[in-house]
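> So that you have it, the file is input.csv, and it contains CSV, C-alpha atoms:
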```csv
chain,number,residue,atom,x,y,z
A,1,MET,CA,-33.6,26.6,188.8
A,2,LEU,CA,-36.5,26.6,191.2
A,3,LEU,CA,-36.5,30.4,191.3
A,4,GLU,CA,-36.8,30.5,187.5
A,5,PHE,CA,-39.6,27.9,187.5
A,6,LEU,CA,-41.5,30.0,190.1
A,7,GLY,CA,-40.9,33.1,188.1
A,8,VAL,CA,-42.3,31.6,184.9
A,9,ALA,CA,-45.3,30.3,186.9
A,10,ALA,CA,-46.0,33.8,188.2
A,11,LEU,CA,-45.7,35.3,184.7
A,12,LEU,CA,-48.2,32.7,183.4
A,13,PHE,CA,-50.5,33.6,186.3
A,14,GLY,CA,-50.3,37.3,185.4
A,15,LEU,CA,-50.8,36.5,181.7
A,16,PHE,CA,-53.9,34.4,182.5
A,17,PHE,CA,-55.5,37.3,184.5
A,18,CYS,CA,-54.6,39.8,181.7
A,19,ALA,CA,-56.4,37.6,179.2
A,20,VAL,CA,-59.4,37.2,181.5
A,21,GLY,CA,-59.6,40.9,182.0
A,22,VAL,CA,-59.4,41.7,178.3
A,23,LEU,CA,-62.1,39.1,177.6
A,24,GLY,CA,-64.3,40.6,180.3
A,25,VAL,CA,-63.8,44.1,178.8
A,26,ILE,CA,-65.0,42.8,175.5
A,27,ARG,CA,-67.9,40.6,176.7
A,28,MET,CA,-69.4,42.3,179.7
A,29,PRO,CA,-72.8,44.0,179.1
A,30,ASP,CA,-72.4,47.5,180.6
A,31,SER,CA,-69.8,50.1,181.7
A,32,LEU,CA,-69.6,49.3,185.4
A,33,THR,CA,-69.1,45.6,185.0
A,34,ARG,CA,-66.5,46.3,182.4
A,35,LEU,CA,-64.7,48.5,185.0
A,36,HIS,CA,-64.7,45.5,187.3
A,37,ALA,CA,-63.1,43.3,184.6
A,38,SER,CA,-60.4,45.9,183.8
A,39,GLY,CA,-59.6,46.2,187.5
A,40,LYS,CA,-58.5,42.5,187.4
A,41,VAL,CA,-55.8,43.4,184.8
A,42,ALA,CA,-54.5,46.2,186.9
A,43,THR,CA,-54.2,44.2,190.2
A,44,LEU,CA,-53.9,40.4,189.7
A,45,GLY,CA,-52.5,40.5,186.1
A,46,LEU,CA,-49.9,43.2,186.5
A,47,PHE,CA,-48.9,42.0,190.0
A,48,GLY,CA,-48.4,38.5,188.7
A,49,LEU,CA,-46.1,39.9,185.9
A,50,LEU,CA,-44.2,42.1,188.4
A,51,LEU,CA,-43.7,39.1,190.8
A,52,GLY,CA,-42.5,36.9,188.0
A,53,ALA,CA,-40.1,39.7,186.8
A,54,ALA,CA,-38.8,40.1,190.4
A,55,LEU,CA,-38.2,36.4,190.7
A,56,LEU,CA,-36.4,36.1,187.3
A,57,MET,CA,-34.4,39.3,187.7
A,58,PRO,CA,-33.7,39.6,191.4
A,59,SER,CA,-31.5,42.7,191.3
A,60,THR,CA,-34.3,45.0,190.3
A,61,TRP,CA,-36.9,43.9,192.9
A,62,LEU,CA,-37.0,47.3,194.6
A,63,ARG,CA,-38.0,49.2,191.4
A,64,LEU,CA,-40.6,46.6,190.6
A,65,LEU,CA,-42.0,46.9,194.2
A,66,ALA,CA,-42.1,50.7,193.7
A,67,LEU,CA,-44.0,50.3,190.5
A,68,GLY,CA,-46.4,47.8,192.1
A,69,LEU,CA,-47.1,50.1,195.0
A,70,PHE,CA,-47.7,53.1,192.6
A,71,VAL,CA,-50.2,51.1,190.5
A,72,LEU,CA,-51.8,49.8,193.7
A,73,LEU,CA,-52.4,53.5,194.8
A,74,THR,CA,-53.4,55.0,191.5
A,75,SER,CA,-55.5,52.3,189.8
A,76,PRO,CA,-58.5,52.5,192.2
A,77,VAL,CA,-58.5,56.3,191.9
A,78,ALA,CA,-58.6,56.2,188.1
A,79,THR,CA,-61.3,53.5,188.2
A,80,HIS,CA,-63.3,55.6,190.6
A,81,ALA,CA,-63.0,58.7,188.4
A,82,ILE,CA,-64.2,56.7,185.3
A,83,ALA,CA,-67.1,55.3,187.3
A,84,ALA,CA,-68.0,58.8,188.5
A,85,SER,CA,-68.0,60.0,184.9
A,86,VAL,CA,-70.3,57.1,184.0
A,87,TYR,CA,-72.6,58.0,186.8
A,88,ARG,CA,-72.7,61.8,186.1
A,89,ARG,CA,-73.5,61.2,182.5
A,90,HIS,CA,-76.6,59.2,183.4
A,91,GLU,CA,-75.3,56.2,181.5
A,92,ILE,CA,-76.0,53.6,184.1
A,93,VAL,CA,-78.2,50.9,182.5
A,94,GLY,CA,-80.0,47.8,183.8
A,95,GLU,CA,-81.5,47.3,187.2
A,96,LEU,CA,-79.0,49.6,189.0
A,97,ALA,CA,-80.4,52.6,187.0
A,98,GLU,CA,-83.7,52.5,189.0
A,99,SER,CA,-82.0,53.0,192.3
A,100,ALA,CA,-79.3,55.3,191.1
A,101,ASP,CA,-80.9,58.6,189.9
A,102,PRO,CA,-78.2,61.3,189.8
A,103,ALA,CA,-80.9,64.1,189.7
A,104,GLU,CA,-82.3,63.0,193.1
A,105,ALA,CA,-79.0,62.2,194.7
A,106,THR,CA,-78.2,63.9,198.0
A,107,ASP,CA,-75.8,66.8,197.6
A,108,TYR,CA,-73.6,66.3,200.6
A,109,THR,CA,-71.4,69.3,199.7
A,110,ALA,CA,-74.3,71.8,200.2
A,111,VAL,CA,-74.5,72.7,204.0
A,112,ASP,CA,-77.8,74.0,205.2
A,113,VAL,CA,-76.9,76.8,207.7
A,114,THR,CA,-80.3,76.6,209.5
A,115,ALA,CA,-79.8,72.9,210.1
A,116,VAL,CA,-76.4,73.5,211.7
A,117,LEU,CA,-77.3,76.5,213.8
A,118,SER,CA,-80.5,76.4,215.8
A,119,ARG,CA,-83.1,79.2,215.6
A,120,SER,CA,-82.2,80.7,219.0
A,121,ARG,CA,-78.5,80.7,218.1
A,122,ILE,CA,-79.3,82.6,214.9
A,123,GLN,CA,-81.4,85.1,217.0
A,124,ASP,CA,-78.4,85.5,219.4
A,125,ILE,CA,-76.1,86.4,216.4
A,126,ILE,CA,-78.7,88.9,215.1
A,127,ASP,CA,-79.0,90.5,218.5
A,128,ALA,CA,-75.2,90.7,218.9
A,129,GLN,CA,-74.9,92.4,215.5
A,130,GLU,CA,-77.7,94.8,216.3
A,131,ARG,CA,-76.0,95.7,219.6
A,132,ALA,CA,-72.8,96.3,217.8
A,133,LEU,CA,-74.5,98.5,215.3
A,134,ARG,CA,-76.2,100.5,218.1
A,135,HIS,CA,-72.8,100.9,219.7
A,136,HIS,CA,-71.2,102.2,216.6
A,137,ALA,CA,-74.1,104.2,215.2
A,138,PRO,CA,-74.2,107.1,217.6
A,139,ASP,CA,-70.5,107.6,217.1
A,140,ALA,CA,-70.9,107.9,213.4
A,141,LYS,CA,-74.0,110.0,213.8
A,142,SER,CA,-72.2,112.5,216.2
A,143,LYS,CA,-69.3,112.7,213.7
A,144,ARG,CA,-71.8,113.5,210.9
A,145,ASP,CA,-73.5,116.1,213.2
A,146,THR,CA,-70.4,117.9,214.1
B,147,MET,CA,-30.9,37.8,181.6
B,148,THR,CA,-31.2,34.2,182.4
B,149,ASP,CA,-29.0,31.6,180.8
B,150,ASN,CA,-31.6,28.9,180.5
B,151,SER,CA,-32.9,28.9,176.9
B,152,ILE,CA,-36.2,27.3,177.8
B,153,VAL,CA,-37.0,30.1,180.3
B,154,GLN,CA,-35.9,32.7,177.7
B,155,ALA,CA,-38.3,31.1,175.2
B,156,ALA,CA,-41.1,31.0,177.7
B,157,ILE,CA,-40.6,34.7,178.5
B,158,GLN,CA,-40.6,35.6,174.8
B,159,LEU,CA,-43.8,33.6,174.2
B,160,ILE,CA,-45.5,35.4,177.2
B,161,LEU,CA,-44.4,38.8,175.8
B,162,LEU,CA,-45.9,37.8,172.4
B,163,ALA,CA,-49.2,36.8,174.1
B,164,LEU,CA,-49.3,40.1,176.0
B,165,VAL,CA,-48.7,42.1,172.8
B,166,SER,CA,-51.4,40.1,171.0
B,167,LEU,CA,-53.8,41.0,173.8
B,168,LEU,CA,-53.6,44.6,172.7
B,169,ILE,CA,-55.6,43.9,169.6
B,170,PRO,CA,-58.8,42.7,171.4
B,171,ALA,CA,-58.4,45.4,174.0
B,172,SER,CA,-58.4,48.1,171.2
B,173,TYR,CA,-61.8,46.6,170.0
B,174,ARG,CA,-63.4,48.4,172.9
B,175,VAL,CA,-61.7,51.7,172.0
B,176,ILE,CA,-63.1,51.5,168.5
B,177,VAL,CA,-66.6,50.1,169.1
B,178,GLY,CA,-67.2,51.2,172.7
B,179,PRO,CA,-70.7,52.8,172.8
B,180,THR,CA,-70.0,55.7,175.1
B,181,LEU,CA,-67.0,58.0,175.9
B,182,PRO,CA,-66.2,56.5,179.4
B,183,ASP,CA,-66.0,53.1,177.8
B,184,ARG,CA,-63.3,54.3,175.4
B,185,LEU,CA,-61.4,56.0,178.2
B,186,GLN,CA,-61.5,52.8,180.3
B,187,ALA,CA,-60.3,50.7,177.4
B,188,VAL,CA,-57.4,53.2,176.9
B,189,ASP,CA,-56.6,52.8,180.6
B,190,LEU,CA,-56.6,49.0,180.2
B,191,ILE,CA,-54.3,49.3,177.2
B,192,THR,CA,-51.9,51.4,179.3
B,193,THR,CA,-51.9,48.9,182.1
B,194,LEU,CA,-51.1,46.2,179.5
B,195,LEU,CA,-48.3,48.3,178.1
B,196,ILE,CA,-46.8,48.6,181.6
B,197,GLY,CA,-46.7,44.8,181.8
B,198,ILE,CA,-45.2,44.6,178.2
B,199,ILE,CA,-42.4,47.0,179.2
B,200,VAL,CA,-41.6,44.9,182.3
B,201,MET,CA,-41.5,41.8,180.1
B,202,LEU,CA,-39.3,43.6,177.6
B,203,ALA,CA,-36.9,44.4,180.4
B,204,LEU,CA,-36.8,40.6,181.2
B,205,VAL,CA,-36.2,39.7,177.5
B,206,GLU,CA,-33.5,42.3,177.0
B,207,GLY,CA,-32.0,42.0,180.4
B,208,THR,CA,-32.1,45.8,180.8
B,209,GLU,CA,-33.1,47.0,184.2
B,210,ASN,CA,-33.6,50.6,183.1
B,211,PHE,CA,-36.8,49.7,181.2
B,212,VAL,CA,-38.5,49.4,184.6
B,213,ASP,CA,-38.0,53.1,185.1
B,214,MET,CA,-39.8,53.7,181.8
B,215,ALA,CA,-42.7,51.6,183.1
B,216,ILE,CA,-42.9,53.8,186.3
B,217,ALA,CA,-43.0,57.0,184.2
B,218,LEU,CA,-45.7,55.5,181.9
B,219,ALA,CA,-47.8,54.6,185.0
B,220,ALA,CA,-47.5,58.1,186.4
B,221,PHE,CA,-48.4,59.9,183.2
B,222,ALA,CA,-51.2,57.4,182.4
B,223,PHE,CA,-52.7,58.2,185.9
B,224,ILE,CA,-52.7,61.9,185.2
B,225,GLY,CA,-54.2,61.5,181.8
B,226,THR,CA,-56.9,59.2,182.9
B,227,ILE,CA,-57.9,61.4,185.8
B,228,SER,CA,-58.0,64.6,183.7
B,229,ILE,CA,-60.0,63.1,180.9
B,230,ALA,CA,-62.5,61.5,183.4
B,231,ARG,CA,-62.9,64.9,185.0
B,232,TYR,CA,-63.4,66.5,181.5
B,233,ILE,CA,-66.1,63.9,180.7
B,234,SER,CA,-68.0,64.2,183.9
B,235,GLU,CA,-67.7,68.0,184.7
B,236,GLY,CA,-67.1,69.5,181.2
B,237,ARG,CA,-63.8,71.0,182.3
B,238,VAL,CA,-60.4,69.8,183.5
B,239,PHE,CA,-59.6,72.3,186.3
```
Could I get this structure in the form of structure tokens?


Amino acid sequence: MLLEFLGVAALLFGLFFCAVGVLGVIRMPDSLTRLHASGKVATLGLFGLLLGAALLMPSTWLRLLALGLFVLLTSPVATHAIAASVYRRHEIVGELAESADPAEATDYTAVDVTAVLSRSRIQDIIDAQERALRHHAPDAKSKRDT
Amino acid sequence: MTDNSIVQAAIQLILLALVSLLIPASYRVIVGPTLPDRLQAVDLITTLLIGIIVMLALVEGTENFVDMAIALAAFAFIGTISIARYISEGRVF
């Protein structure tokens, strides 16, 4: 009886946060704040429902735990992908748009070779390659001569 | 599953409320000004559907419905990731 009461309470908790998240998705002003609201549904709302179901139907708690862990892993990744698509399409509005300019963002994937290797190290590599060429060149030249 | 009729009625009412939450969530799919907004609303609807399937398992007393919820979560993740990549990069792979 107590277990059933706790289960229904957890279900009502999850339903409350689902309603709050849907309300936030409708009422929030721009895309990134709407993402914040829909994250509430994925974590608090769904986890409340899963906890209530596990309390009301105890034999299936392991599957519900697996579902909860899976949602806990994938929901932030999906939210980040959507936020990155908002960012790349230059659709950030409001005061955040002044500080976030995708055109001037630092491209961390492009590695500048001259910054990694110092100038003398590059000169060393060039010298070594020239030495190797000089070592191989007479051999090829002699083959061509004969 | 449970014998108590009050608990069963409460579960059915919560399931009804969750299903009725789908209608305001689809507002953002229809109206949403940009493409990422619609994608995010579809993701929200899928999350609500996972909760609805779990509640349906409670109402029917069928444990196998939870497996359907896990499969829906997996496919919804793949779909959301690929469409978000398509929106941001112009290609999926």

> Contacts of Ser59 of chain A at 12 Å or less, counting all atoms listed in the file, minus same-chain residues fewer than 6 places along, as a list in words?

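Counting only the stated atoms, we get Ala53 and Leu65 of chain A; Met147, Leu204, Gly207, Thr208, Glu209, Asn210 and Val212 of chain B.
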
> So that I can check the surroundings of Pro182 of chain B, please list as a list in words every protein, DNA and RNA residue that reaches within 7 Å of it, counting all atoms listed in the file and ignoring chain neighbours fewer than 2 positions away.

Ile82, Ser85 and Val86 of chain A; Thr180, Arg184, Leu185 and Gln186 of chain B

> I'd like the neighbourhood of Ala78 of chain A as a list in words, where a residue qualifies if any of its atoms comes within 10 Å (using only C-alpha atoms), though same-chain residues fewer than 2 positions away should be ignored.

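Near Ala78 of chain A, the qualifying residues are Leu73, Thr74, Ser75, Pro76, His80, Ala81, Ile82, Ala83 and Ala84 of chain A; Gln186, Asp189, Ala222, Phe223, Ile224, Gly225, Thr226, Ile227, Ser228 and Ala230 of chain B.
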
> Write the residues you've just listed into a file as a PDB file, keeping the file's coordinate frame, and include C-alpha atoms for each of them.


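Generated output (part-v1.pdb):
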```
ATOM      1  CA  LEU A  73     -52.400  53.500 194.800  1.00  0.00           C
ATOM      2  CA  THR A  74     -53.400  55.000 191.500  1.00  0.00           C
ATOM      3  CA  SER A  75     -55.500  52.300 189.800  1.00  0.00           C
ATOM      4  CA  PRO A  76     -58.500  52.500 192.200  1.00  0.00           C
ATOM      5  CA  HIS A  80     -63.300  55.600 190.600  1.00  0.00           C
ATOM      6  CA  ALA A  81     -63.000  58.700 188.400  1.00  0.00           C
ATOM      7  CA  ILE A  82     -64.200  56.700 185.300  1.00  0.00           C
ATOM      8  CA  ALA A  83     -67.100  55.300 187.300  1.00  0.00           C
ATOM      9  CA  ALA A  84     -68.000  58.800 188.500  1.00  0.00           C
TER      10      ALA A  84
ATOM     11  CA  GLN B 186     -61.500  52.800 180.300  1.00  0.00           C
ATOM     12  CA  ASP B 189     -56.600  52.800 180.600  1.00  0.00           C
ATOM     13  CA  ALA B 222     -51.200  57.400 182.400  1.00  0.00           C
ATOM     14  CA  PHE B 223     -52.700  58.200 185.900  1.00  0.00           C
ATOM     15  CA  ILE B 224     -52.700  61.900 185.200  1.00  0.00           C
ATOM     16  CA  GLY B 225     -54.200  61.500 181.800  1.00  0.00           C
ATOM     17  CA  THR B 226     -56.900  59.200 182.900  1.00  0.00           C
ATOM     18  CA  ILE B 227     -57.900  61.400 185.800  1.00  0.00           C
ATOM     19  CA  SER B 228     -58.000  64.600 183.700  1.00  0.00           C
ATOM     20  CA  ALA B 230     -62.500  61.500 183.400  1.00  0.00           C
TER      21      ALA B 230
END
```

> Which chain A residues are at most 8 Å from chain B (counting all atoms listed in the file), as an MDAnalysis selection string?

chainID A and resid 4:5 8 11:12 15 18:19 22:23 25:26 31 35 38 41:42 46 49:50 53 56:57 60 63:64 67 70:71 74:75 77:79 81:82 84:86 88:89

> Using atom CA of Gly45 of chain A and atom CA of Gly68 of chain A as the two end points, give the distance in Å to one decimal.

11.2 Å

> Work out how far atom CA of Phe47 of chain A is from atom CA of Val175 of chain B, in Å to one decimal.

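So the answer is 24.1 Å.
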
> Please measure the separation of atom CA of Leu159 of chain B and atom CA of Val205 of chain B, giving the value in Å to one decimal.

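So the two atoms, atom CA of Leu159 of chain B and atom CA of Val205 of chain B, lie 10.3 Å apart.
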